[in-house]
$ cat entry-v8.cif   # mmCIF, C-alpha atoms (C1' of nucleotides)
data_input
#
loop_
_atom_site.label_atom_id
_atom_site.label_comp_id
_atom_site.auth_asym_id
_atom_site.auth_seq_id
_atom_site.Cartn_x
_atom_site.Cartn_y
_atom_site.Cartn_z
CA MET A 1 -5.12 -2.60 -1.64
CA PRO A 2 -4.51 -0.97 1.66
CA GLU A 3 -3.65 2.66 1.37
CA LEU A 4 -3.24 4.94 4.33
CA PRO A 5 -6.97 5.18 5.15
CA GLU A 6 -7.25 1.42 5.32
CA VAL A 7 -4.17 1.09 7.45
CA GLU A 8 -5.53 3.76 9.80
CA THR A 9 -8.89 1.98 9.85
CA THR A 10 -7.10 -1.25 10.67
CA ARG A 11 -5.18 0.47 13.44
CA ARG A 12 -8.33 1.80 15.04
CA GLY A 13 -10.06 -1.52 14.58
CA ILE A 14 -7.44 -3.73 16.21
CA ALA A 15 -6.11 -1.40 18.93
CA PRO A 16 -8.90 -1.99 21.48
CA HIS A 17 -8.63 -5.74 21.03
CA VAL A 18 -4.87 -6.15 21.26
CA CYS A 19 -3.84 -3.55 23.84
CA GLY A 20 -3.54 -4.90 27.36
CA GLN A 21 -4.06 -8.54 26.36
CA THR A 22 -1.41 -11.02 27.37
CA ILE A 23 0.17 -12.73 24.38
CA GLU A 24 0.02 -16.47 24.81
CA ASN A 25 1.62 -17.57 21.59
CA VAL A 26 2.70 -16.51 18.13
CA ILE A 27 1.99 -18.95 15.34
CA LEU A 28 3.99 -18.59 12.13
CA ARG A 29 2.64 -20.70 9.30
CA THR A 30 5.17 -19.21 6.93
CA ASP A 31 7.95 -16.73 7.37
CA LYS A 32 8.15 -15.90 3.71
CA LEU A 33 6.73 -12.44 3.45
CA ARG A 34 8.44 -9.47 1.82
CA PHE A 35 11.13 -9.89 4.42
CA PRO A 36 11.53 -13.13 6.37
CA ILE A 37 9.65 -12.89 9.65
CA PRO A 38 12.31 -12.93 12.38
CA ALA A 39 12.04 -16.10 14.44
CA ASN A 40 12.62 -14.31 17.72
CA VAL A 41 9.26 -12.54 17.41
CA GLN A 42 7.72 -15.66 18.93
CA ARG A 43 10.03 -15.90 21.92
CA ASP A 44 10.08 -12.18 22.60
CA LEU A 45 6.34 -11.64 22.46
CA ARG A 46 5.22 -14.61 24.51
CA GLY A 47 3.86 -13.47 27.86
CA LYS A 48 4.04 -9.80 26.95
CA GLN A 49 1.32 -7.27 26.18
CA PHE A 50 0.93 -4.63 23.52
CA THR A 51 0.53 -1.21 25.06
CA GLU A 52 -0.17 0.82 21.96
CA VAL A 53 -0.90 0.49 18.25
CA ALA A 54 0.53 3.42 16.34
CA ARG A 55 0.92 4.14 12.67
CA ARG A 56 3.72 5.70 10.66
CA GLY A 57 2.85 5.97 7.00
CA LYS A 58 1.49 2.58 6.09
CA TYR A 59 3.43 0.84 8.83
CA LEU A 60 1.61 -0.30 11.96
CA LEU A 61 3.65 -0.23 15.15
CA LEU A 62 2.51 -2.58 17.88
CA SER A 63 4.51 -1.69 20.95
CA ALA A 64 5.17 -4.16 23.71
CA THR A 65 7.26 -3.42 26.79
CA ASN A 66 10.30 -5.14 25.29
CA GLY A 67 10.07 -4.11 21.64
CA THR A 68 7.84 -3.24 18.73
CA ALA A 69 6.26 -5.36 16.04
CA ILE A 70 6.28 -3.48 12.73
CA ILE A 71 3.60 -4.63 10.32
CA HIS A 72 3.12 -3.58 6.73
CA LEU A 73 0.10 -4.86 4.85
CA GLY A 74 1.71 -4.60 1.43
CA MET A 75 -0.78 -5.01 -1.36
CA SER A 76 -3.13 -7.60 -0.05
CA GLY A 77 -2.53 -7.90 3.69
CA LYS A 78 -5.37 -7.94 6.20
CA LEU A 79 -5.38 -8.01 9.97
CA ARG A 80 -8.42 -9.39 11.70
CA ILE A 81 -9.44 -10.17 15.22
CA VAL A 82 -10.84 -13.69 15.35
CA ASN A 83 -11.34 -16.44 17.89
CA SER A 84 -8.09 -18.38 17.96
CA ARG A 85 -9.93 -21.68 17.44
CA LEU A 86 -11.32 -20.51 14.12
CA THR A 87 -9.77 -22.70 11.43
CA PRO A 88 -7.20 -20.74 9.43
CA ILE A 89 -7.89 -20.25 5.77
CA LYS A 90 -5.50 -19.99 2.87
CA HIS A 91 -2.85 -17.29 3.32
CA ASP A 92 -3.43 -16.89 7.06
CA HIS A 93 0.29 -16.60 7.73
CA VAL A 94 0.52 -15.41 11.33
CA ASP A 95 -1.57 -15.57 14.50
CA ILE A 96 -0.78 -13.56 17.59
CA VAL A 97 -2.83 -15.45 20.13
CA PHE A 98 -3.98 -13.75 23.31
CA ALA A 99 -4.81 -15.35 26.63
CA ASN A 100 -8.48 -14.48 26.16
CA GLN A 101 -8.51 -16.79 23.11
CA GLN A 102 -8.89 -13.97 20.65
CA CYS A 103 -6.16 -13.65 18.12
CA LEU A 104 -4.77 -11.14 15.68
CA ARG A 105 -4.62 -12.98 12.37
CA PHE A 106 -2.52 -11.78 9.44
CA ASN A 107 -3.71 -12.88 6.02
CA ASP A 108 -1.76 -11.85 2.94
CA PRO A 109 -2.26 -13.69 -0.37
CA ARG A 110 0.40 -11.84 -2.33
CA ARG A 111 2.88 -11.73 0.54
CA PHE A 112 4.09 -8.22 -0.18
CA GLY A 113 3.47 -7.48 3.47
CA ALA A 114 5.93 -7.66 6.33
CA LEU A 115 6.17 -8.44 10.02
CA LEU A 116 9.32 -7.20 11.67
CA TRP A 117 10.48 -6.95 15.24
CA THR A 118 12.72 -4.32 16.76
CA THR A 119 13.89 -3.75 20.29
CA ASP A 120 15.02 -0.23 19.46
CA ASP A 121 13.03 2.91 18.72
CA PRO A 122 10.90 1.78 15.76
CA LEU A 123 11.06 5.24 14.21
CA GLN A 124 14.82 4.76 13.89
CA HIS A 125 14.37 1.51 12.00
CA SER A 126 15.93 1.74 8.56
CA LEU A 127 12.55 1.34 6.88
CA LEU A 128 11.02 4.22 8.84
CA SER A 129 13.78 6.68 9.60
CA LYS A 130 13.78 8.44 6.26
CA LEU A 131 10.05 8.69 5.67
CA GLY A 132 8.51 12.00 4.75
CA PRO A 133 5.84 13.77 6.82
CA GLU A 134 2.39 12.40 7.50
CA PRO A 135 -0.03 13.83 4.93
CA LEU A 136 -2.60 14.88 7.52
CA THR A 137 -0.27 17.11 9.50
CA ARG A 138 0.30 20.85 9.16
CA GLU A 139 3.89 20.07 8.25
CA PHE A 140 2.62 18.70 4.95
CA ASN A 141 1.52 21.76 3.00
CA GLY A 142 1.91 23.44 -0.35
CA HIS A 143 5.02 25.29 0.65
CA TYR A 144 6.71 22.07 1.72
CA LEU A 145 5.96 20.30 -1.57
CA PHE A 146 6.94 23.35 -3.58
CA THR A 147 10.29 23.69 -1.84
CA LYS A 148 10.99 19.97 -1.92
CA SER A 149 10.21 19.69 -5.64
CA ARG A 150 12.50 22.40 -6.99
CA GLN A 151 14.83 21.02 -9.70
CA ARG A 152 12.96 17.73 -9.69
CA LYS A 153 12.33 16.39 -13.14
CA ALA A 154 10.33 13.35 -12.13
CA PRO A 155 6.60 13.37 -12.91
CA VAL A 156 4.57 14.91 -10.12
CA LYS A 157 2.69 11.68 -9.63
CA ALA A 158 5.89 9.74 -8.91
CA PHE A 159 7.00 12.61 -6.67
CA ILE A 160 3.95 12.52 -4.40
CA MET A 161 3.96 8.72 -4.31
CA ASP A 162 7.55 8.74 -3.02
CA SER A 163 7.36 7.90 0.68
CA HIS A 164 10.45 10.00 1.32
CA VAL A 165 8.45 13.01 0.16
CA VAL A 166 5.19 12.22 1.91
CA VAL A 167 3.91 8.92 3.28
CA GLY A 168 0.68 7.17 2.56
CA VAL A 169 -0.18 8.48 -0.90
CA GLY A 170 -0.60 5.40 -3.05
CA ASN A 171 -1.69 5.06 -6.63
CA ILE A 172 -5.41 5.47 -6.04
CA TYR A 173 -5.16 8.65 -3.98
CA ALA A 174 -2.39 10.17 -6.07
CA THR A 175 -4.57 9.67 -9.12
CA GLU A 176 -7.64 11.14 -7.46
CA ALA A 177 -5.81 14.07 -5.87
CA LEU A 178 -4.16 15.12 -9.12
CA PHE A 179 -7.54 15.12 -10.79
CA LYS A 180 -9.06 17.19 -8.02
CA ALA A 181 -6.18 19.66 -8.23
CA GLY A 182 -6.29 19.80 -12.03
CA ILE A 183 -2.67 18.75 -12.46
CA HIS A 184 -1.45 16.43 -15.22
CA PRO A 185 0.21 13.35 -13.65
CA LYS A 186 3.19 13.58 -15.96
CA ARG A 187 4.04 17.21 -15.31
CA ALA A 188 7.57 17.62 -13.96
CA ALA A 189 7.38 18.13 -10.20
CA GLY A 190 9.86 21.01 -10.38
CA ARG A 191 7.71 22.93 -12.81
CA ILE A 192 4.60 23.37 -10.71
CA SER A 193 3.82 26.61 -8.91
CA GLU A 194 3.41 26.95 -5.16
CA ALA A 195 -0.23 27.90 -5.67
CA ARG A 196 -0.89 24.64 -7.43
CA TYR A 197 0.94 22.68 -4.75
CA ILE A 198 -1.26 24.35 -2.15
CA LYS A 199 -4.24 23.10 -4.09
CA LEU A 200 -2.73 19.64 -4.39
CA THR A 201 -1.92 19.22 -0.70
CA LYS A 202 -5.44 20.33 0.16
CA ALA A 203 -6.85 17.80 -2.27
CA ILE A 204 -4.75 15.01 -0.77
CA LYS A 205 -5.92 15.88 2.73
CA VAL A 206 -9.59 16.13 1.79
CA ILE A 207 -9.55 12.81 -0.02
CA LEU A 208 -7.61 10.95 2.67
CA ARG A 209 -9.83 12.33 5.45
CA ALA A 210 -12.97 11.35 3.59
CA ALA A 211 -11.67 7.84 3.06
CA ILE A 212 -10.67 7.44 6.71
CA LYS A 213 -14.13 8.61 7.73
CA GLN A 214 -15.67 5.98 5.49
CA GLY A 215 -13.41 3.27 6.88
CA GLY A 216 -14.47 4.28 10.33
CA THR A 217 -18.06 3.30 9.74
CA THR A 218 -17.36 -0.40 9.54
CA LEU A 219 -14.90 -1.04 12.35
CA LYS A 220 -17.27 -3.66 13.68
CA ASP A 221 -16.27 -5.84 10.76
CA PHE A 222 -12.95 -6.49 12.42
CA LEU A 223 -14.69 -8.91 14.75
CA ASN A 224 -16.34 -10.83 11.96
CA SER A 225 -14.71 -13.83 10.45
CA ASP A 226 -16.13 -13.61 6.97
CA GLY A 227 -13.25 -11.47 5.78
CA LYS A 228 -15.42 -8.81 4.23
CA PRO A 229 -13.71 -5.47 4.54
CA GLY A 230 -16.81 -3.45 3.70
CA TYR A 231 -15.13 -0.08 3.94
CA PHE A 232 -13.51 2.11 1.36
CA LYS A 233 -16.30 2.44 -1.11
CA GLN A 234 -16.04 6.11 -1.74
CA ARG A 235 -16.78 7.31 -5.19
CA LEU A 236 -13.66 7.41 -7.32
CA ASN A 237 -13.67 10.14 -9.95
CA VAL A 238 -10.93 8.86 -12.24
CA TYR A 239 -9.18 5.78 -10.85
CA GLY A 240 -10.27 2.73 -12.83
CA ARG A 241 -12.42 4.81 -15.17
CA ALA A 242 -10.20 5.10 -18.27
CA GLY A 243 -12.34 5.36 -21.38
CA GLU A 244 -15.30 6.68 -19.41
CA PRO A 245 -16.38 10.32 -19.40
CA CYS A 246 -14.88 12.86 -17.00
CA LEU A 247 -17.51 13.62 -14.35
CA ASP A 248 -16.65 17.32 -14.60
CA CYS A 249 -16.44 17.97 -18.32
CA GLY A 250 -17.41 14.78 -20.15
CA THR A 251 -14.09 14.35 -21.95
CA THR A 252 -13.04 10.71 -22.27
CA LEU A 253 -10.58 9.86 -19.51
CA LYS A 254 -7.20 8.61 -20.68
CA SER A 255 -4.67 6.39 -19.04
CA LEU A 256 -0.90 6.34 -19.21
CA GLN A 257 1.88 4.32 -17.63
CA LEU A 258 4.22 6.00 -15.18
CA GLY A 259 6.81 3.59 -14.00
CA GLN A 260 4.75 0.46 -13.56
CA ARG A 261 1.75 2.44 -12.38
CA THR A 262 -1.38 3.11 -14.33
CA SER A 263 -2.48 6.72 -14.21
CA VAL A 264 -5.91 7.76 -15.31
CA TYR A 265 -6.51 11.44 -15.96
CA CYS A 266 -8.72 13.90 -17.77
CA PRO A 267 -6.76 15.40 -20.68
CA SER A 268 -8.95 18.47 -20.57
CA CYS A 269 -9.16 19.20 -16.81
CA GLN A 270 -5.57 18.25 -15.94
CA ARG A 271 -2.68 20.31 -17.26
"C1'" DA B 1 21.44 12.82 -5.46
"C1'" DG B 2 17.80 11.91 -8.34
"C1'" DT B 3 15.64 8.82 -11.39
"C1'" DG B 4 13.82 4.65 -13.18
"C1'" DC B 5 13.27 -0.06 -13.27
"C1'" DG B 6 13.30 -5.13 -11.67
"C1'" DG B 7 11.44 -8.17 -8.64
"C1'" DC B 8 8.71 -10.07 -5.16
"C1'" DC B 9 3.59 -12.74 -5.20
"C1'" DT B 10 -1.22 -14.63 -6.34
"C1'" DG B 11 -6.07 -13.79 -7.67
"C1'" DT B 12 -8.75 -12.23 -11.38
"C1'" DC B 13 -9.96 -11.56 -15.86
"C1'" DC B 14 -9.59 -12.06 -20.82
"C1'" DG B 15 -9.07 -14.52 -25.15
"C1'" DC B 16 -8.46 -18.70 -27.49
"C1'" DT C 1 -14.34 -25.88 -19.96
"C1'" DG C 2 -9.53 -25.29 -19.38
"C1'" DC C 3 -5.45 -22.94 -19.90
"C1'" DG C 4 -1.97 -19.45 -20.57
"C1'" DG C 5 -0.86 -14.87 -20.19
"C1'" DA C 6 -1.49 -10.09 -18.91
"C1'" DC C 7 -2.35 -7.25 -15.23
"C1'" DA C 8 -2.67 -5.19 -10.65
"C1'" DG C 9 0.00 -3.05 -6.95
"C1'" DG C 10 3.76 -1.05 -2.45
"C1'" DC C 11 8.12 -0.33 -2.07
"C1'" DC C 12 12.91 -1.92 -1.46
"C1'" DG C 13 17.23 -2.18 -3.65
"C1'" DC C 14 19.99 -1.62 -7.38
"C1'" DA C 15 22.08 0.57 -11.58
"C1'" DC C 16 22.92 4.53 -14.09
#

$ encode --input "entry-v8.cif" --output "structure tokens"
Amino acid sequence: MPELPEVETTRRGIAPHVCGQTIENVILRTDKLRFPIPANVQRDLRGKQFTEVARRGKYLLLSATNGTAIIHLGMSGKLRIVNSRLTPIKHDHVDIVFANQQCLRFNDPRRFGALLWTTDDPLQHSLLSKLGPEPLTREFNGHYLFTKSRQRKAPVKAFIMDSHVVVGVGNIYATEALFKAGIHPKRAAGRISEARYIKLTKAIKVILRAAIKQGGTTLKDFLNSDGKPGYFKQRLNVYGRAGEPCLDCGTTLKSLQLGQRTSVYCPSCQR
DNA sequence: AGTGCGGCCTGTCCGC
DNA sequence: TGCGGACAGGCCGCAC
């Protein structure tokens, strides 16, 4: 489940291998991802080079001279650098083949991912233009969340998972950050003090940074073909631990449903 | 405008 | 052992 740290790890992993390589071909084995893959990606990318791999939220932006490929990994998407002659396995939907015979291979079993193509400024694309700030910038701070949340009745967990509020905070990190900040996931966003939002934004940053650092240790895996991600093994305090004791106080962790999301929390530490 | 939910998918796990 | 069903999850798009 790629969250922001995995997307950032992917970005760092693929960038050196795709930038400056001439694109020989684009192979689409299916176009049925979250959105249909536009057919003109093939024609437009052939013969071009990517100059940069950037990230906005969980979107990867692969810029060529004539446009930008926008990739989202969805739930189960993976990008790997493999030799283009390596036989594709199940759910290898797209290859971007380079002249040096390496290729960027997109595998996505659940097909919640996306590959789009725009010739305009990608940040103006309708999927990206209304996104909230990046969580690891100074712009994202307690004051921002406090101001933004006034009058909001939605649970704070839904609020911080809303990409129009802040990008890149998925279920795992929202769950962990709320635990670290001692805030109950169901508390109305508009009824949380600025002091607590300061604590929460700090928790989000600490957790995301730690996860990115962990991802960074296994970038070499991007050249392997065995599909083992290997990163992202940091200790989770609450996520997936419902029914087990809180590591801080020993109280049995509970879980509740918010929207379609499972939230695990400590009923004693989180208020 | 804010809120909440349906739907897209398939692999994994559980119970019968 | 085989099978059905529940579940997981990001996020768009719609309805209220």

$ closest_atom_pairs --input "entry-v8.cif" --of "chain C" --to "chain A" --cutoff "10 Å" --atoms "all atoms listed in the file" --output "Markdown table"
| residue | atom | partner | partner_atom | distance |
| --- | --- | --- | --- | --- |
| C:DA8 | C1' | A:Arg261 | CA | 9.0 |
| C:DG9 | C1' | A:Met75 | CA | 6.0 |
| C:DG10 | C1' | A:Gly74 | CA | 5.6 |
| C:DC11 | C1' | A:Gly74 | CA | 8.5 |
| C:DC12 | C1' | A:Leu127 | CA | 9.0 |

$ write_last_selection --input "entry-v8.cif" --atoms "C-alpha atoms (C1' of nucleotides)" --output "mmCIF file, in the frame of the given file"
data_model
loop_
_atom_site.group_PDB
_atom_site.id
_atom_site.type_symbol
_atom_site.label_atom_id
_atom_site.label_comp_id
_atom_site.auth_asym_id
_atom_site.auth_seq_id
_atom_site.Cartn_x
_atom_site.Cartn_y
_atom_site.Cartn_z
ATOM 1 C "C1'" DA C 8 -2.670 -5.190 -10.650
ATOM 2 C "C1'" DG C 9 0.000 -3.050 -6.950
ATOM 3 C "C1'" DG C 10 3.760 -1.050 -2.450
ATOM 4 C "C1'" DC C 11 8.120 -0.330 -2.070
ATOM 5 C "C1'" DC C 12 12.910 -1.920 -1.460
#

$ residues_around --input "entry-v8.cif" --residues "DC5 of chain B" --least-positions-apart "3" --cutoff "10 Å" --atoms "only C-alpha atoms (C1' of nucleotides)" --output "ChimeraX atom specification"
/A:259-260 /C:14-15

$ interface_residues --input "entry-v8.cif" --of "chain B" --to "chain A" --cutoff "9 Å" --atoms "all atoms listed in the file" --output "PyMOL selection string"
chain B and resi 2-5+8-11

$ axis_aligned_box --input "entry-v8.cif" --around "chain C" --padding-each-side "8 Å" --output "JSON"
{"center_x": 4.3, "center_y": -10.7, "center_z": -11.0, "size_x": 53.3, "size_y": 46.4, "size_z": 35.1}

$ atom_distance --input "entry-v8.cif" --atom1 "atom CA of Ile160 of chain A" --atom2 "atom CA of Leu253 of chain A"
21.1 Å

$ atom_distance --input "entry-v8.cif" --atom1 "atom CA of Asp31 of chain A" --atom2 "atom CA of His164 of chain A"
27.5 Å

$ resolve_selection --input "entry-v8.cif" --expression "the PyMOL selection byres ((chain A and resi 266) around 8)" --output "CSV table (one decimal) with C-alpha atoms, in the frame of the given file"
chain,number,residue,atom,x,y,z
A,179,PHE,CA,-7.5,15.1,-10.8
A,238,VAL,CA,-10.9,8.9,-12.2
A,246,CYS,CA,-14.9,12.9,-17.0
A,251,THR,CA,-14.1,14.4,-22.0
A,252,THR,CA,-13.0,10.7,-22.3
A,253,LEU,CA,-10.6,9.9,-19.5
A,254,LYS,CA,-7.2,8.6,-20.7
A,264,VAL,CA,-5.9,7.8,-15.3
A,265,TYR,CA,-6.5,11.4,-16.0
A,267,PRO,CA,-6.8,15.4,-20.7
A,268,SER,CA,-9.0,18.5,-20.6
A,269,CYS,CA,-9.2,19.2,-16.8
A,270,GLN,CA,-5.6,18.2,-15.9

$ atom_distance --input "entry-v8.cif" --atom1 "atom CA of Gly182 of chain A" --atom2 "atom CA of Gly240 of chain A"
17.5 Å

$ resolve_selection --input "entry-v8.cif" --expression "the PyMOL selection byres ((chain B and resi 13) around 10)" --output "ChimeraX atom specification"
/B:11-12,14-15 /C:6-7

$ resolve_selection --input "entry-v8.cif" --expression "the PyMOL selection byres ((chain A and resi 47) around 12)" --output "JSON, numbers by chain"
{"A": [20, 21, 22, 23, 24, 25, 26, 41, 42, 43, 44, 45, 46, 48, 49, 50, 64, 65, 66, 96, 97, 98, 99]}

$ residues_around --input "entry-v8.cif" --residues "Ile198 of chain A" --least-positions-apart "3" --cutoff "8 Å" --atoms "all atoms listed in the file" --output "VMD selection string"
chain A and resid 141 to 143 194 to 195 201 to 202

$ closest_residue --input "entry-v8.cif" --among "A:Thr51, A:Thr68, A:Asn237, A:Asn83" --to "Glu176 of chain A" --atoms "all atoms listed in the file"
A:Asn237

$ build_atoms --input "entry-v8.cif" --residues "segment 107-117 of chain A" --atoms "all heavy atoms" --output "short mmCIF file (atom, residue, chain, number, x, y, z; two decimals), in the frame of the given file"
data_model
loop_
_atom_site.label_atom_id
_atom_site.label_comp_id
_atom_site.auth_asym_id
_atom_site.auth_seq_id
_atom_site.Cartn_x
_atom_site.Cartn_y
_atom_site.Cartn_z
N ASN A 107 -3.49 -12.17 7.29
CA ASN A 107 -3.71 -12.88 6.02
C ASN A 107 -3.15 -12.02 4.89
O ASN A 107 -3.41 -10.82 4.83
CB ASN A 107 -5.22 -13.10 5.83
CG ASN A 107 -5.54 -13.81 4.51
OD1 ASN A 107 -5.45 -13.24 3.43
ND2 ASN A 107 -5.89 -15.07 4.61
N ASP A 108 -2.37 -12.64 4.01
CA ASP A 108 -1.76 -11.85 2.94
C ASP A 108 -1.46 -12.72 1.72
O ASP A 108 -0.38 -13.27 1.59
CB ASP A 108 -0.47 -11.19 3.45
CG ASP A 108 0.12 -10.25 2.40
OD1 ASP A 108 -0.54 -9.99 1.37
OD2 ASP A 108 1.25 -9.78 2.62
N PRO A 109 -2.43 -12.83 0.80
CA PRO A 109 -2.26 -13.69 -0.37
C PRO A 109 -0.99 -13.39 -1.18
O PRO A 109 -0.26 -14.30 -1.55
CB PRO A 109 -3.50 -13.41 -1.21
CG PRO A 109 -4.52 -12.93 -0.24
CD PRO A 109 -3.74 -12.20 0.82
N ARG A 110 -0.74 -12.15 -1.45
CA ARG A 110 0.40 -11.84 -2.33
C ARG A 110 1.72 -11.73 -1.59
O ARG A 110 2.77 -11.58 -2.21
CB ARG A 110 0.13 -10.56 -3.11
CG ARG A 110 -1.03 -10.76 -4.05
CD ARG A 110 -1.29 -9.57 -4.91
NE ARG A 110 -2.64 -9.65 -5.43
CZ ARG A 110 -3.21 -8.71 -6.16
NH1 ARG A 110 -2.55 -7.62 -6.44
NH2 ARG A 110 -4.44 -8.85 -6.60
N ARG A 111 1.67 -11.74 -0.30
CA ARG A 111 2.88 -11.73 0.54
C ARG A 111 3.84 -10.58 0.22
O ARG A 111 5.05 -10.75 0.20
CB ARG A 111 3.60 -13.08 0.43
CG ARG A 111 2.84 -14.15 1.20
CD ARG A 111 3.64 -15.41 1.37
NE ARG A 111 3.31 -16.38 0.38
CZ ARG A 111 4.20 -17.13 -0.26
NH1 ARG A 111 5.48 -17.00 -0.01
NH2 ARG A 111 3.81 -18.01 -1.14
N PHE A 112 3.26 -9.42 -0.08
CA PHE A 112 4.09 -8.22 -0.18
C PHE A 112 4.19 -7.54 1.18
O PHE A 112 4.85 -6.53 1.34
CB PHE A 112 3.47 -7.22 -1.17
CG PHE A 112 3.71 -7.56 -2.60
CD1 PHE A 112 4.22 -8.80 -2.96
CD2 PHE A 112 3.44 -6.64 -3.59
CE1 PHE A 112 4.44 -9.11 -4.30
CE2 PHE A 112 3.65 -6.94 -4.93
CZ PHE A 112 4.15 -8.17 -5.28
N GLY A 113 3.48 -8.06 2.13
CA GLY A 113 3.47 -7.48 3.47
C GLY A 113 4.70 -7.87 4.26
O GLY A 113 5.58 -8.59 3.78
N ALA A 114 4.77 -7.38 5.50
CA ALA A 114 5.93 -7.66 6.33
C ALA A 114 5.55 -7.65 7.80
O ALA A 114 4.63 -6.93 8.21
CB ALA A 114 7.02 -6.62 6.07
N LEU A 115 6.26 -8.47 8.55
CA LEU A 115 6.17 -8.44 10.02
C LEU A 115 7.59 -8.44 10.55
O LEU A 115 8.33 -9.41 10.36
CB LEU A 115 5.40 -9.65 10.55
CG LEU A 115 5.47 -9.91 12.07
CD1 LEU A 115 5.05 -8.68 12.87
CD2 LEU A 115 4.61 -11.09 12.46
N LEU A 116 7.97 -7.33 11.15
CA LEU A 116 9.32 -7.20 11.67
C LEU A 116 9.27 -6.98 13.17
O LEU A 116 8.21 -6.70 13.73
CB LEU A 116 10.02 -6.01 10.99
CG LEU A 116 10.11 -6.13 9.46
CD1 LEU A 116 10.54 -4.81 8.84
CD2 LEU A 116 11.10 -7.23 9.09
N TRP A 117 10.40 -7.10 13.79
CA TRP A 117 10.48 -6.95 15.24
C TRP A 117 11.73 -6.15 15.58
O TRP A 117 12.81 -6.46 15.08
CB TRP A 117 10.54 -8.34 15.90
CG TRP A 117 10.79 -8.33 17.37
CD1 TRP A 117 11.92 -8.72 18.02
CD2 TRP A 117 9.88 -7.90 18.38
NE1 TRP A 117 11.77 -8.56 19.37
CE2 TRP A 117 10.53 -8.06 19.63
CE3 TRP A 117 8.57 -7.38 18.37
CZ2 TRP A 117 9.92 -7.72 20.84
CZ3 TRP A 117 7.98 -7.05 19.57
CH2 TRP A 117 8.65 -7.23 20.79
#
